[in-house]
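Printed here is query.pdb (PDB, C-alpha atoms):
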MODEL        1
ATOM      1  CA  MET A   1      74.409  90.886  97.692
ATOM      2  CA  ARG A   2      73.266  93.087 100.565
ATOM      3  CA  GLU A   3      71.282  92.744 103.752
ATOM      4  CA  GLN A   4      67.667  93.916 103.734
ATOM      5  CA  GLY A   5      66.660  95.920 106.777
ATOM      6  CA  MET A   6      65.309  99.115 108.283
ATOM      7  CA  ALA A   7      67.501 101.414 106.190
ATOM      8  CA  ASP A   8      65.574 100.398 103.075
ATOM      9  CA  ALA A   9      62.428 102.069 104.469
ATOM     10  CA  PHE A  10      64.115 105.475 104.229
ATOM     11  CA  GLY A  11      63.750 107.779 101.217
ATOM     12  CA  VAL A  12      67.446 107.869 100.319
ATOM     13  CA  THR A  13      69.709 104.852 100.899
ATOM     14  CA  GLU A  14      73.411 104.271 100.436
ATOM     15  CA  GLU A  15      75.601 101.171 100.612
ATOM     16  CA  ALA A  16      78.784 101.287 102.670
ATOM     17  CA  ARG A  17      80.805  98.520 101.040
ATOM     18  CA  ALA A  18      83.446  96.629 102.995
ATOM     19  CA  LYS A  19      86.944  97.810 102.031
ATOM     20  CA  ILE A  20      89.423  95.000 101.431
ATOM     21  CA  ASN A  21      93.161  95.616 101.533
ATOM     22  CA  LEU A  22      94.415  93.004  99.074
ATOM     23  CA  ALA A  23      97.923  94.277  99.822
ATOM     24  CA  LEU A  24      99.331  96.781 102.312
ATOM     25  CA  HIS A  25     103.004  97.776 102.207
ATOM     26  CA  VAL A  26     104.384 100.121 104.882
ATOM     27  CA  THR A  27     106.997 102.178 103.042
ATOM     28  CA  GLY A  28     107.953 104.884 105.536
ATOM     29  CA  GLN A  29     106.846 107.228 108.292
ATOM     30  CA  ARG A  30     106.284 110.982 108.211
ATOM     31  CA  ALA A  31     107.633 113.397 110.803
ATOM     32  CA  ASP A  32     104.110 113.768 112.222
ATOM     33  CA  GLY A  33     103.955 110.024 112.932
ATOM     34  CA  TYR A  34     101.674 109.000 110.070
ATOM     35  CA  HIS A  35     102.857 105.905 108.240
ATOM     36  CA  LEU A  36     103.319 105.957 104.472
ATOM     37  CA  LEU A  37     101.526 103.106 102.739
ATOM     38  CA  ASP A  38     101.171 101.459  99.342
ATOM     39  CA  MET A  39      97.832  99.643  99.184
ATOM     40  CA  LEU A  40      95.890  97.635  96.642
ATOM     41  CA  VAL A  41      92.260  98.030  97.652
ATOM     42  CA  THR A  42      88.965  96.632  96.445
ATOM     43  CA  PHE A  43      85.406  96.695  97.764
ATOM     44  CA  ALA A  44      82.964  93.906  98.510
ATOM     45  CA  ASP A  45      79.297  93.682  97.612
ATOM     46  CA  CYS A  46      78.507  93.249 101.312
ATOM     47  CA  GLY A  47      78.625  95.988 103.919
ATOM     48  CA  ASP A  48      76.620  98.359 106.054
ATOM     49  CA  ARG A  49      73.566 100.207 104.774
ATOM     50  CA  LEU A  50      72.420 103.723 105.583
ATOM     51  CA  GLY A  51      69.051 105.432 105.179
ATOM     52  CA  PHE A  52      68.371 109.180 105.161
ATOM     53  CA  LEU A  53      65.055 110.943 105.746
ATOM     54  CA  PRO A  54      64.020 114.577 106.409
ATOM     55  CA  ALA A  55      63.072 114.997 110.065
ATOM     56  CA  PRO A  56      61.875 117.694 112.524
ATOM     57  CA  ALA A  57      65.226 117.328 114.332
ATOM     58  CA  ASP A  58      68.434 115.408 113.745
ATOM     59  CA  ALA A  59      68.207 111.746 114.762
ATOM     60  CA  PHE A  60      70.534 108.763 114.500
ATOM     61  CA  THR A  61      69.357 105.170 114.950
ATOM     62  CA  LEU A  62      71.036 101.788 114.662
ATOM     63  CA  SER A  63      70.147  98.218 113.736
ATOM     64  CA  GLY A  64      71.946  95.173 112.359
ATOM     65  CA  ARG A  65      74.050  92.408 113.883
ATOM     66  CA  PHE A  66      76.693  94.823 115.173
ATOM     67  CA  GLY A  67      74.484  97.862 115.839
ATOM     68  CA  GLU A  68      74.563  97.500 119.624
ATOM     69  CA  THR A  69      78.354  97.751 119.545
ATOM     70  CA  LEU A  70      78.019 101.396 118.479
ATOM     71  CA  ALA A  71      75.091 102.301 120.724
ATOM     72  CA  GLY A  72      77.245 104.279 123.165
ATOM     73  CA  ASP A  73      79.222 106.231 120.585
ATOM     74  CA  GLY A  74      77.039 109.342 120.678
ATOM     75  CA  GLY A  75      78.623 112.234 118.819
ATOM     76  CA  THR A  76      81.894 110.401 118.212
ATOM     77  CA  ASN A  77      80.419 108.138 115.526
ATOM     78  CA  LEU A  78      81.877 108.869 112.097
ATOM     79  CA  VAL A  79      78.361 109.097 110.623
ATOM     80  CA  ILE A  80      77.527 111.978 112.970
ATOM     81  CA  ARG A  81      80.878 113.643 112.346
ATOM     82  CA  ALA A  82      80.388 113.367 108.567
ATOM     83  CA  ARG A  83      76.882 114.884 108.855
ATOM     84  CA  ASP A  84      78.109 117.798 110.947
ATOM     85  CA  LEU A  85      81.157 118.480 108.794
ATOM     86  CA  LEU A  86      79.130 118.462 105.571
ATOM     87  CA  ARG A  87      76.517 120.717 107.180
ATOM     88  CA  GLU A  88      79.221 123.275 107.961
ATOM     89  CA  VAL A  89      80.147 123.341 104.278
ATOM     90  CA  VAL A  90      76.689 123.437 102.657
ATOM     91  CA  GLY A  91      75.052 125.743 105.205
ATOM     92  CA  ALA A  92      71.350 126.582 104.863
ATOM     93  CA  LEU A  93      70.654 123.657 102.504
ATOM     94  CA  ALA A  94      71.290 121.209 105.336
ATOM     95  CA  PHE A  95      67.870 120.665 106.936
ATOM     96  CA  PRO A  96      67.495 118.223 109.886
ATOM     97  CA  VAL A  97      67.773 114.563 108.986
ATOM     98  CA  HIS A  98      67.113 111.153 110.485
ATOM     99  CA  ILE A  99      70.015 108.819 109.637
ATOM    100  CA  HIS A 100      69.662 105.091 110.175
ATOM    101  CA  LEU A 101      72.747 102.872 110.148
ATOM    102  CA  GLN A 102      72.230  99.159 109.589
ATOM    103  CA  LYS A 103      75.529  97.844 110.973
ATOM    104  CA  ASN A 104      76.250  94.520 109.273
ATOM    105  CA  LEU A 105      80.068  94.598 109.468
ATOM    106  CA  PRO A 106      82.153  93.936 112.586
ATOM    107  CA  VAL A 107      83.414  97.109 114.253
ATOM    108  CA  ALA A 108      87.110  98.091 114.120
ATOM    109  CA  SER A 109      87.940  95.061 112.007
ATOM    110  CA  GLY A 110      90.262  96.287 109.256
ATOM    111  CA  ILE A 111      87.652  96.463 106.486
ATOM    112  CA  GLY A 112      86.859 100.158 106.654
ATOM    113  CA  GLY A 113      83.422  99.894 108.234
ATOM    114  CA  GLY A 114      83.386 103.281 109.955
ATOM    115  CA  SER A 115      85.128 104.995 107.048
ATOM    116  CA  ALA A 116      82.701 103.435 104.560
ATOM    117  CA  ASP A 117      79.808 104.620 106.743
ATOM    118  CA  ALA A 118      81.213 108.170 106.740
ATOM    119  CA  ALA A 119      81.666 108.130 102.957
ATOM    120  CA  ALA A 120      78.122 106.805 102.464
ATOM    121  CA  THR A 121      76.847 109.567 104.754
ATOM    122  CA  LEU A 122      78.492 112.213 102.581
ATOM    123  CA  ARG A 123      77.021 110.689  99.415
ATOM    124  CA  GLY A 124      73.569 110.187 100.904
ATOM    125  CA  LEU A 125      73.261 113.638 102.444
ATOM    126  CA  MET A 126      74.377 115.379  99.267
ATOM    127  CA  ARG A 127      71.545 113.549  97.491
ATOM    128  CA  LEU A 128      69.003 114.291 100.227
ATOM    129  CA  TRP A 129      70.017 117.940 100.555
ATOM    130  CA  GLY A 130      70.175 118.373  96.781
ATOM    131  CA  THR A 131      73.693 119.711  96.783
ATOM    132  CA  GLY A 132      77.084 118.822  95.343
ATOM    133  CA  LEU A 133      80.684 119.761  95.977
ATOM    134  CA  PRO A 134      83.693 120.045  93.679
ATOM    135  CA  VAL A 135      85.702 116.810  93.643
ATOM    136  CA  GLU A 136      88.691 118.461  95.343
ATOM    137  CA  THR A 137      86.535 119.972  98.104
ATOM    138  CA  LEU A 138      84.790 116.680  98.784
ATOM    139  CA  ALA A 139      88.098 114.778  98.875
ATOM    140  CA  ALA A 140      89.572 117.266 101.364
ATOM    141  CA  LEU A 141      86.464 117.040 103.523
ATOM    142  CA  ALA A 142      86.610 113.229 103.440
ATOM    143  CA  LEU A 143      90.270 113.253 104.471
ATOM    144  CA  LYS A 144      89.378 115.294 107.561
ATOM    145  CA  LEU A 145      87.230 112.357 108.662
ATOM    146  CA  GLY A 146      90.031 109.796 108.249
ATOM    147  CA  ALA A 147      92.654 108.526 105.844
ATOM    148  CA  ASP A 148      90.390 105.715 104.591
ATOM    149  CA  VAL A 149      87.343 107.882 103.822
ATOM    150  CA  PRO A 150      88.541 109.205 100.409
ATOM    151  CA  MET A 151      89.054 105.587  99.293
ATOM    152  CA  CYS A 152      85.598 104.633 100.516
ATOM    153  CA  LEU A 153      84.094 107.539  98.596
ATOM    154  CA  GLU A 154      85.442 105.854  95.462
ATOM    155  CA  SER A 155      84.288 102.331  96.470
ATOM    156  CA  ARG A 156      86.004 100.761  93.462
ATOM    157  CA  PRO A 157      89.359  98.999  92.923
ATOM    158  CA  LEU A 158      92.258 101.373  93.463
ATOM    159  CA  ILE A 159      95.839 101.844  94.539
ATOM    160  CA  ALA A 160      96.297 104.264  97.438
ATOM    161  CA  ARG A 161      99.585 105.791  98.491
ATOM    162  CA  GLY A 162     100.792 108.343 101.007
ATOM    163  CA  ILE A 163      98.552 108.024 104.058
ATOM    164  CA  GLY A 164      95.780 106.910 101.712
ATOM    165  CA  GLU A 165      94.944 110.175  99.981
ATOM    166  CA  GLU A 166      96.881 109.563  96.731
ATOM    167  CA  ILE A 167      94.387 107.458  94.786
ATOM    168  CA  GLU A 168      94.762 105.767  91.410
ATOM    169  CA  ALA A 169      91.944 103.714  89.880
ATOM    170  CA  VAL A 170      92.640 100.113  88.815
ATOM    171  CA  PRO A 171      90.089  99.535  86.049
ATOM    172  CA  ASP A 172      91.335  96.076  85.066
ATOM    173  CA  LEU A 173      91.109  94.435  88.506
ATOM    174  CA  PRO A 174      88.463  91.692  88.155
ATOM    175  CA  ALA A 175      85.720  90.724  90.573
ATOM    176  CA  LEU A 176      86.936  88.166  93.114
ATOM    177  CA  ALA A 177      84.966  85.456  94.928
ATOM    178  CA  MET A 178      85.841  85.813  98.579
ATOM    179  CA  VAL A 179      85.086  84.839 102.158
ATOM    180  CA  LEU A 180      85.555  87.447 104.878
ATOM    181  CA  ALA A 181      86.407  85.992 108.276
ATOM    182  CA  ASN A 182      86.790  87.652 111.661
ATOM    183  CA  PRO A 183      87.201  86.082 115.127
ATOM    184  CA  LEU A 184      85.278  89.024 116.646
ATOM    185  CA  LYS A 185      88.210  89.951 118.832
ATOM    186  CA  GLY A 186      89.378  93.548 118.864
ATOM    187  CA  VAL A 187      92.803  94.536 117.615
ATOM    188  CA  SER A 188      94.411  97.891 118.401
ATOM    189  CA  THR A 189      95.756  99.555 115.253
ATOM    190  CA  PRO A 190      98.267 101.707 117.227
ATOM    191  CA  GLU A 191      99.530  98.553 118.960
ATOM    192  CA  VAL A 192      99.953  96.775 115.606
ATOM    193  CA  PHE A 193     101.981  99.686 114.208
ATOM    194  CA  ARG A 194     104.006  99.868 117.440
ATOM    195  CA  ARG A 195     105.027  96.234 117.004
ATOM    196  CA  LEU A 196     105.932  96.704 113.336
ATOM    197  CA  LYS A 197     109.639  95.914 113.121
ATOM    198  CA  ALA A 198     110.427  97.674 109.820
ATOM    199  CA  LYS A 199     108.869 100.961 108.674
ATOM    200  CA  ASN A 200     110.712 101.271 105.337
ATOM    201  CA  ASN A 201     109.647  98.245 103.340
ATOM    202  CA  PRO A 202     109.692  97.758  99.537
ATOM    203  CA  PRO A 203     106.789  99.483  97.754
ATOM    204  CA  LEU A 204     103.972  97.810  95.873
ATOM    205  CA  ASN A 205     105.073  96.383  92.514
ATOM    206  CA  LEU A 206     102.191  94.685  90.739
ATOM    207  CA  ALA A 207     103.714  92.576  87.989
ATOM    208  CA  GLN A 208     100.672  91.143  86.215
ATOM    209  CA  SER A 209     102.358  88.995  83.598
ATOM    210  CA  ALA A 210     101.059  85.855  85.343
ATOM    211  CA  GLY A 211      97.634  87.335  86.150
ATOM    212  CA  TRP A 212      96.061  89.200  89.039
ATOM    213  CA  LEU A 213      96.007  86.326  91.524
ATOM    214  CA  ALA A 214      99.752  85.801  91.137
ATOM    215  CA  ALA A 215     100.333  89.567  91.464
ATOM    216  CA  ILE A 216      98.320  89.724  94.679
ATOM    217  CA  LYS A 217     100.099  86.655  96.060
ATOM    218  CA  ALA A 218     103.469  88.313  95.371
ATOM    219  CA  ALA A 219     102.412  91.330  97.435
ATOM    220  CA  ARG A 220     101.919  91.290 101.208
ATOM    221  CA  ASN A 221     100.361  92.905 104.252
ATOM    222  CA  ASP A 222     103.187  94.220 106.414
ATOM    223  CA  LEU A 223     100.809  94.592 109.360
ATOM    224  CA  GLU A 224      99.838  90.926 109.486
ATOM    225  CA  PRO A 225     102.868  89.586 111.416
ATOM    226  CA  PRO A 226     102.518  92.118 114.290
ATOM    227  CA  ALA A 227      98.722  91.729 114.275
ATOM    228  CA  ARG A 228      99.138  87.967 114.734
ATOM    229  CA  GLU A 229     101.180  88.709 117.856
ATOM    230  CA  VAL A 230      98.305  90.774 119.263
ATOM    231  CA  VAL A 231      95.479  88.447 118.136
ATOM    232  CA  PRO A 232      96.728  84.864 117.600
ATOM    233  CA  GLU A 233      93.284  83.914 116.237
ATOM    234  CA  ILE A 234      94.284  85.646 112.986
ATOM    235  CA  ALA A 235      96.681  82.795 112.232
ATOM    236  CA  VAL A 236      93.979  80.265 113.114
ATOM    237  CA  ILE A 237      91.374  81.859 110.884
ATOM    238  CA  SER A 238      93.825  82.147 107.975
ATOM    239  CA  ALA A 239      94.602  78.435 108.263
ATOM    240  CA  MET A 240      90.870  77.646 108.334
ATOM    241  CA  LEU A 241      90.332  79.556 105.084
ATOM    242  CA  GLN A 242      93.171  77.654 103.423
ATOM    243  CA  THR A 243      91.790  74.336 104.653
ATOM    244  CA  GLU A 244      88.476  75.190 102.966
ATOM    245  CA  GLY A 245      90.264  75.707  99.652
ATOM    246  CA  ALA A 246      91.190  79.396  99.553
ATOM    247  CA  LEU A 247      93.610  80.167  96.730
ATOM    248  CA  LEU A 248      95.022  82.913  98.942
ATOM    249  CA  ALA A 249      94.334  83.867 102.560
ATOM    250  CA  ARG A 250      95.533  87.198 103.973
ATOM    251  CA  MET A 251      94.616  89.748 106.617
ATOM    252  CA  SER A 252      92.970  93.019 105.550
ATOM    253  CA  GLY A 253      94.182  96.346 106.917
ATOM    254  CA  SER A 254      95.300  96.191 110.535
ATOM    255  CA  GLY A 255      92.984  93.242 111.223
ATOM    256  CA  ALA A 256      91.490  91.200 112.524
ATOM    257  CA  THR A 257      89.428  90.458 109.405
ATOM    258  CA  CYS A 258      91.039  88.035 106.967
ATOM    259  CA  PHE A 259      89.908  87.252 103.447
ATOM    260  CA  GLY A 260      90.169  84.102 101.398
ATOM    261  CA  ILE A 261      90.020  84.282  97.610
ATOM    262  CA  PHE A 262      88.166  81.329  96.072
ATOM    263  CA  ALA A 263      87.785  79.978  92.552
ATOM    264  CA  ASP A 264      84.110  80.961  92.301
ATOM    265  CA  MET A 265      81.139  82.083  94.395
ATOM    266  CA  ALA A 266      79.694  78.585  94.807
ATOM    267  CA  THR A 267      82.957  77.440  96.407
ATOM    268  CA  ALA A 268      83.096  80.591  98.551
ATOM    269  CA  ARG A 269      79.533  80.072  99.817
ATOM    270  CA  ASP A 270      80.241  76.435 100.666
ATOM    271  CA  ALA A 271      83.409  77.468 102.511
ATOM    272  CA  ALA A 272      81.603  80.176 104.486
ATOM    273  CA  ALA A 273      78.888  77.699 105.503
ATOM    274  CA  ALA A 274      81.455  75.145 106.662
ATOM    275  CA  LEU A 275      83.420  77.762 108.587
ATOM    276  CA  HIS A 276      80.282  79.078 110.269
ATOM    277  CA  GLU A 277      79.365  75.546 111.316
ATOM    278  CA  ALA A 278      82.835  75.071 112.799
ATOM    279  CA  ARG A 279      82.864  78.430 114.624
ATOM    280  CA  PRO A 280      79.329  79.887 114.873
ATOM    281  CA  ASP A 281      80.620  82.513 117.317
ATOM    282  CA  TRP A 282      82.866  84.087 114.645
ATOM    283  CA  TYR A 283      82.000  86.153 111.564
ATOM    284  CA  PHE A 284      82.079  84.571 108.110
ATOM    285  CA  GLN A 285      80.638  86.140 104.972
ATOM    286  CA  ALA A 286      80.815  84.934 101.379
ATOM    287  CA  THR A 287      80.973  87.897  99.042
ATOM    288  CA  GLN A 288      82.101  89.047  95.628
ATOM    289  CA  THR A 289      84.204  92.137  95.150
ATOM    290  CA  VAL A 290      83.346  94.792  92.589
ATOM    291  CA  SER A 291      85.329  94.820  89.354
ATOM    292  CA  GLY A 292      87.384  97.761  88.195
ATOM    293  CA  GLY A 293      85.018  98.219  85.292
ATOM    294  CA  ILE A 294      82.042  99.374  87.392
TER     295      ILE A 294
ENDMDL
END
Show this structure as structure tokens.
Amino acid sequence: MREQGMADAFGVTEEARAKINLALHVTGQRADGYHLLDMLVTFADCGDRLGFLPAPADAFTLSGRFGETLAGDGGTNLVIRARDLLREVVGALAFPVHIHLQKNLPVASGIGGGSADAAATLRGLMRLWGTGLPVETLAALALKLGADVPMCLESRPLIARGIGEEIEAVPDLPALAMVLANPLKGVSTPEVFRRLKAKNNPPLNLAQSAGWLAAIKAARNDLEPPAREVVPEIAVISAMLQTEGALLARMSGSGATCFGIFADMATARDAAAALHEARPDWYFQATQTVSGGI
């Protein structure tokens, strides 16, 4: 399920799927300040959408519900940075391009929107420019753009360790019916990490004897307690998801987006509709995640 929009009028299009942290364990901290993480990650069938078209000169345009939020980013946008970094690598093959970003996901919301956009830019421009890169080179380039970008290049269920660069596919993770929920209130990731009381927590241990839902429930997001201190609405929105019948409600990433896992898509759509009616000023989206078998 994806939004139709201006990006679809472009010659080459790419989906930037929402990244969902089903679990996030903070297991340590490096000397350079980066936190070590164990994460179980999947991707939703909703997200941003990018279009790519040859142009006389480079151009970048925006649309979508949250497009105006990025209007003042200029050259700091991860899409622009990904374009410029890839151009440095591929050289003369990189002719000018018009990139259109249809921004459907809330900005800075813990579901990898900017990182997914950067990854989609790399994929789309390699197609448009008719070039490819060795897997190792592309992964290193993605990591320069941010710790989440290599995961978003994969856009399939995975376990990520280290700062996010150590990736292991999870082919048996099933598709999950889900509602994404965000109070549209910003949360500072550095502030969440600053409030984190313990930096050396137990690692991810996915015992699946009772099934995937039980395994995910037994895991945790170590950033959720400090994020709730910064944005109390996270606790409210989690309770709302549970009231609508979520089998599990948890925050993704550093917030403020939460997800609720539901028994099926019909139940998830009904829940999203009820939540939107209760709080039309917040973001609610019924979605299904991709399975590990894609």
List every protein, DNA or RNA residue that has an atom no more than 6 Å from (66.3, 118.9, 112.1) in the file's coordinate frame, counting only C-alpha atoms, and report them as a list of chain:residue names.
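Applying the cut-off with only C-alpha atoms, one gets A:Ala55, A:Pro56, A:Ala57, A:Asp58, A:Phe95, A:Pro96, A:Val97.
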Write out as a list in words each polymer residue whose atoms come within 6 Å of stretch 181-197 of chain A, counting all atoms listed in the file; drop sequence neighbours fewer than 3 positions from it.
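The residues that qualify are Pro226, Ala227, Ser254, Ala256, Thr257, Cys258, Trp282, Tyr283 and Phe284 of chain A.
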Residues as selected, C-alpha atoms, written as a compact mmCIF listing (two decimals), in the coordinates of the input, can you do that?
# COMPACT_ATOMS: atom_id res chain seq x y z
CA PRO A 226 102.52 92.12 114.29
CA ALA A 227 98.72 91.73 114.28
CA SER A 254 95.30 96.19 110.54
CA ALA A 256 91.49 91.20 112.52
CA THR A 257 89.43 90.46 109.40
CA CYS A 258 91.04 88.04 106.97
CA TRP A 282 82.87 84.09 114.64
CA TYR A 283 82.00 86.15 111.56
CA PHE A 284 82.08 84.57 108.11
Residues at most 10 Å from A:Ala18, counting only C-alpha atoms, excluding those fewer than 4 positions away in the same chain, as a PyMOL selection string?
chain A and resi 42-48+104-105+110-117+152+155+180+287+289
What does the structure give for the distance between atom CA of A:Asp148 and atom CA of A:Gly164, in Å to one decimal?
6.2 Å
For the structure provided, state which residues fall under the PyMOL selection byres ((chain A and resi 204-221) around 10), and present them as a VMD selection string.
chain A and resid 21 to 27 37 to 40 159 161 172 to 174 176 201 to 203 222 to 225 247 to 254 261
Name every residue that the PyMOL selection byres ((chain A and resi 78) around 9) selects in this structure, writing the answer as a list in words with chains first and numbers rising.
Gly75, Thr76, Asn77, Val79, Ile80, Arg81, Ala82, Arg83, Gly114, Ser115, Asp117, Ala118, Thr121 and Leu145 of chain A
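Near stretch 266-270 of chain A, within a cut-off of 6 Å and counting only C-alpha atoms, sit the residues Met178, Val179 and Ala286 of chain A, with same-chain residues fewer than 5 positions away left out.
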Generate the output file for the selected residues, C-alpha atoms, as a short mmCIF file (atom, residue, chain, number, x, y, z; two decimals), in the frame of the given file.
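Everything below was put into result_24.cif:
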data_model
loop_
_atom_site.label_atom_id
_atom_site.label_comp_id
_atom_site.auth_asym_id
_atom_site.auth_seq_id
_atom_site.Cartn_x
_atom_site.Cartn_y
_atom_site.Cartn_z
CA MET A 178 85.84 85.81 98.58
CA VAL A 179 85.09 84.84 102.16
CA ALA A 286 80.82 84.93 101.38
#
Interface rows for stretch 93-137 of chain A against stretch 7-16 of chain A: nearest pair, Å to one decimal, 7 Å, all atoms listed in the file, as CSV:
residue,atom,partner,partner_atom,distance
A:His100,CA,A:Ala7,CA,5.8
A:Leu101,CA,A:Ala7,CA,6.7
A:Gln102,CA,A:Ala7,CA,6.2
A:Ala116,CA,A:Ala16,CA,4.9
A:Asp117,CA,A:Ala16,CA,5.4
A:Ala120,CA,A:Ala16,CA,5.6
A:Gly124,CA,A:Glu14,CA,5.9
A:Leu128,CA,A:Val12,CA,6.6
Pick out the closest residue to A:Met126 from this set: A:Gly33, A:Pro171, A:Gly67, A:Gly91. Count only C-alpha atoms.
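For A:Met126, the nearest of the candidates is A:Gly91.
Going from atom CA of A:Ser109 to atom CA of A:Gly255 covers 5.4 Å.
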Output as lines of an AutoDock Vina configuration file the centre and edge lengths (Å, one decimal) of the box along x, y and z of the file that holds every listed atom of stretch 144-162 of chain A after adding 8 Å on each side.
center_x = 92.4
center_y = 107.1
center_z = 100.8
size_x = 32.7
size_y = 32.3
size_z = 31.7
